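Reading through the structure tokens given below for one structure.
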Amino acid sequence: MGLQEFFQRYFVDPIKYDQGYNPVNTTVYAIILGIAVLLLYRMLKRMGIRVDERFFVALMPYIFLGPLMRAMTDVGMLPRTYLTVSPGGYFVIAGFTIAALFVVWRHVGPGEKFYPLYRDVGLLLLGGLLFLLLINLGRTDFRWEYFVYFIPSFLAAEGAIWVLSRKFQLIKNNGVLFYTHFYDATTTFVGIQFFGYWEQHVLARTLMDLTGTPAVIYLEKLLVLIPIVWILDRHMEGEDPELINFVKLAMFILGFGPGTRNLLITLMGA
């Protein structure tokens, strides 16, 4: 198999024919993500931007951009191209996020003015996308019955994390991550169990095939999250705390972004 055929089979065709992820592109994307997280953290460090609650709040509008763009693409409000579906769409959003960060930093520096201005630029971008959604609402057939299934499933999932957090300090200390990823798991479970969607990610899809139920996604989340936060909290205590915060921020985005995308796609009937 030549390089061109290899790239076509494992990277282009899965996007072109909506085949989901495979072990090859999953591994490559994971490596790219890991390198990107470290490079972005170094960039923020050099720019003097602290990774704290202010940065997290300022980043939230940009985190919403990716899932909203993907949902609007799937319902036909935006053209379906390699730049509007995953992973290309997330590279585009990351590009806007980094570009806005750099422009704001050049304008006001890394001081107190940076965070609200950076947030406002993100809100402006998000507002533009929401305006496009509003003027195209007639093309969307909302499934309001989605919440009949989502709300009880969500409450049960978050309740399970609450119970676990009472028993395990590791989960309690990282509650935001576990609650967020169980939100993501719930949107996956509801979409597959009640609305006929399918799982695109390799590990989750394999586990669902083996067990015969999408509910196994909750177990997968625990099996992935617990070792990662254990390493971050117990074996990287001497590392830069802002680096740990940034890694956890990336983990939050990996749960909240796909979860919100799943919710919007199912709700909007895509």
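Note on naming: chains are A, B, ... as they come in the structure tokens, residues start from 1 per chain, ligands start from 1 in the order shown.
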
With the cut-off set at 12 Å and counting only C-alpha atoms, tabulate each residue of stretch 71-173 of chain A with an atom at most that distance from an atom of stretch 232-243 of chain A, showing the nearest atom pair and its distance in Å to one decimal, ordered by chain and increasing number, as a tab-separated table.
```
residue	atom	partner	partner_atom	distance
A:Gln169	CA	A:Asp233	CA	11.0
A:Leu170	CA	A:Asp233	CA	8.1
A:Ile171	CA	A:Asp233	CA	10.9
A:Asn173	CA	A:Asp233	CA	9.1
```

For A:Thr81, find every residue with an atom within 12 Å (counting only C-alpha atoms), except residues of its own chain fewer than 2 positions away, and show them as a PDB file with N, CA, C and O atoms, in the first residue's frame.
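Result file around.pdb:
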```pdb
ATOM      1  N   VAL A  12      -8.789  10.237   4.767  1.00  0.00           N
ATOM      2  CA  VAL A  12      -9.725  10.954   3.888  1.00  0.00           C
ATOM      3  C   VAL A  12     -11.081  10.258   3.827  1.00  0.00           C
ATOM      4  O   VAL A  12     -12.124  10.879   4.038  1.00  0.00           O
ATOM      5  N   ILE A  15     -13.660  10.597   6.706  1.00  0.00           N
ATOM      6  CA  ILE A  15     -14.349  11.878   6.730  1.00  0.00           C
ATOM      7  C   ILE A  15     -15.335  11.965   5.564  1.00  0.00           C
ATOM      8  O   ILE A  15     -16.498  12.338   5.740  1.00  0.00           O
ATOM      9  N   LYS A  16     -14.871  11.583   4.378  1.00  0.00           N
ATOM     10  CA  LYS A  16     -15.682  11.700   3.171  1.00  0.00           C
ATOM     11  C   LYS A  16     -16.949  10.858   3.248  1.00  0.00           C
ATOM     12  O   LYS A  16     -18.030  11.301   2.833  1.00  0.00           O
ATOM     13  N   TYR A  17     -16.825   9.644   3.789  1.00  0.00           N
ATOM     14  CA  TYR A  17     -17.965   8.718   3.823  1.00  0.00           C
ATOM     15  C   TYR A  17     -18.545   8.556   5.224  1.00  0.00           C
ATOM     16  O   TYR A  17     -19.332   7.636   5.458  1.00  0.00           O
ATOM     17  N   ASP A  18     -18.162   9.434   6.149  1.00  0.00           N
ATOM     18  CA  ASP A  18     -18.689   9.425   7.520  1.00  0.00           C
ATOM     19  C   ASP A  18     -18.561   8.030   8.149  1.00  0.00           C
ATOM     20  O   ASP A  18     -19.516   7.473   8.675  1.00  0.00           O
ATOM     21  N   MET A  69     -20.888  24.612  15.403  1.00  0.00           N
ATOM     22  CA  MET A  69     -20.573  24.561  13.980  1.00  0.00           C
ATOM     23  C   MET A  69     -20.828  23.173  13.417  1.00  0.00           C
ATOM     24  O   MET A  69     -21.382  23.026  12.313  1.00  0.00           O
ATOM     25  N   ARG A  70     -20.457  22.126  14.163  1.00  0.00           N
ATOM     26  CA  ARG A  70     -20.664  20.761  13.690  1.00  0.00           C
ATOM     27  C   ARG A  70     -22.149  20.450  13.562  1.00  0.00           C
ATOM     28  O   ARG A  70     -22.592  19.844  12.569  1.00  0.00           O
ATOM     29  N   THR A  73     -23.594  22.156  10.603  1.00  0.00           N
ATOM     30  CA  THR A  73     -23.154  21.490   9.379  1.00  0.00           C
ATOM     31  C   THR A  73     -24.014  20.267   9.101  1.00  0.00           C
ATOM     32  O   THR A  73     -24.455  20.034   7.971  1.00  0.00           O
ATOM     33  N   ASP A  74     -24.284  19.489  10.146  1.00  0.00           N
ATOM     34  CA  ASP A  74     -25.031  18.251   9.959  1.00  0.00           C
ATOM     35  C   ASP A  74     -26.494  18.485   9.574  1.00  0.00           C
ATOM     36  O   ASP A  74     -27.116  17.611   8.961  1.00  0.00           O
ATOM     37  N   GLY A  76     -27.363  21.010   7.654  1.00  0.00           N
ATOM     38  CA  GLY A  76     -27.340  21.650   6.347  1.00  0.00           C
ATOM     39  C   GLY A  76     -27.272  23.161   6.350  1.00  0.00           C
ATOM     40  O   GLY A  76     -27.393  23.785   5.286  1.00  0.00           O
ATOM     41  N   LEU A  78     -24.593  24.859   7.246  1.00  0.00           N
ATOM     42  CA  LEU A  78     -23.235  25.148   6.771  1.00  0.00           C
ATOM     43  C   LEU A  78     -22.837  24.044   5.798  1.00  0.00           C
ATOM     44  O   LEU A  78     -23.283  22.897   5.938  1.00  0.00           O
ATOM     45  N   PRO A  79     -22.009  24.353   4.800  1.00  0.00           N
ATOM     46  CA  PRO A  79     -21.604  23.325   3.834  1.00  0.00           C
ATOM     47  C   PRO A  79     -20.743  22.255   4.509  1.00  0.00           C
ATOM     48  O   PRO A  79     -19.917  22.550   5.371  1.00  0.00           O
ATOM     49  N   LEU A  83     -13.368  21.002   6.373  1.00  0.00           N
ATOM     50  CA  LEU A  83     -13.094  22.053   7.354  1.00  0.00           C
ATOM     51  C   LEU A  83     -14.269  22.320   8.284  1.00  0.00           C
ATOM     52  O   LEU A  83     -14.171  23.159   9.181  1.00  0.00           O
ATOM     53  N   THR A  84     -15.394  21.634   8.073  1.00  0.00           N
ATOM     54  CA  THR A  84     -16.550  21.854   8.946  1.00  0.00           C
ATOM     55  C   THR A  84     -16.970  20.603   9.701  1.00  0.00           C
ATOM     56  O   THR A  84     -17.882  20.658  10.525  1.00  0.00           O
ATOM     57  N   VAL A  85     -16.351  19.457   9.433  1.00  0.00           N
ATOM     58  CA  VAL A  85     -16.609  18.247  10.211  1.00  0.00           C
ATOM     59  C   VAL A  85     -15.328  17.876  10.939  1.00  0.00           C
ATOM     60  O   VAL A  85     -14.243  18.347  10.604  1.00  0.00           O
ATOM     61  N   SER A  86     -15.460  17.021  11.952  1.00  0.00           N
ATOM     62  CA  SER A  86     -14.273  16.637  12.720  1.00  0.00           C
ATOM     63  C   SER A  86     -13.395  15.692  11.907  1.00  0.00           C
ATOM     64  O   SER A  86     -13.915  14.876  11.127  1.00  0.00           O
ATOM     65  N   PRO A  87     -12.063  15.801  12.056  1.00  0.00           N
ATOM     66  CA  PRO A  87     -11.380  16.716  12.969  1.00  0.00           C
ATOM     67  C   PRO A  87     -11.101  18.090  12.371  1.00  0.00           C
ATOM     68  O   PRO A  87     -10.664  18.992  13.070  1.00  0.00           O
ATOM     69  N   GLY A  88     -11.342  18.263  11.064  1.00  0.00           N
ATOM     70  CA  GLY A  88     -11.004  19.533  10.422  1.00  0.00           C
ATOM     71  C   GLY A  88     -11.682  20.728  11.055  1.00  0.00           C
ATOM     72  O   GLY A  88     -11.073  21.790  11.209  1.00  0.00           O
ATOM     73  N   GLY A  89     -12.951  20.551  11.437  1.00  0.00           N
ATOM     74  CA  GLY A  89     -13.684  21.659  12.046  1.00  0.00           C
ATOM     75  C   GLY A  89     -13.044  22.139  13.336  1.00  0.00           C
ATOM     76  O   GLY A  89     -13.024  23.340  13.624  1.00  0.00           O
ATOM     77  N   VAL A  92     -10.098  24.264  12.614  1.00  0.00           N
ATOM     78  CA  VAL A  92     -10.538  25.619  12.231  1.00  0.00           C
ATOM     79  C   VAL A  92     -10.867  26.438  13.465  1.00  0.00           C
ATOM     80  O   VAL A  92     -10.432  27.594  13.608  1.00  0.00           O
TER      81      VAL A  92
END
```

Proximity to A:Ser153 - best of A:Phe182, A:Phe64, A:Phe195, A:Phe114, only C-alpha atoms: A:Phe182

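With only C-alpha atoms taken into account, the protein and nucleic acid residues at most 9 Å from stretch 211-221 of chain A (excluding it and anything under 5 positions from it in its own chain) are A:Ala157, A:Phe178, A:His181, A:Phe182, A:Ala185, A:Thr186, A:Thr188, A:Phe189, A:Val190, A:Ile192, A:Gln193, A:Glu199, A:Leu203, A:Ala204, A:Arg205, A:Thr206, A:Ile226.
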
Which value, in Å to one decimal, gives the distance between atom CA of A:Leu267 and atom CA of A:Arg143?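 That distance, rounded to one decimal, is 5.1 Å.
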
Given only C-alpha atoms as the counted atoms, nearest of A:Ile31, A:Phe11, A:Asp120, A:Lys248 to A:Tyr82: A:Phe11

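Between A:Ile35 and the candidates A:Val247, A:Val224, A:Ala160, A:Met60, the tightest atom-to-atom separation, counting only C-alpha atoms, involves A:Val247.
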
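Comparing A:Ile244, A:Leu155, A:Leu254, A:Leu129 by their smallest distance to A:Asp184, the closest is A:Leu254 (using only C-alpha atoms).
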
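One distance worth recording is that between atom CA of A:Ala94 and atom CA of A:Leu40, which is 10.6 Å.
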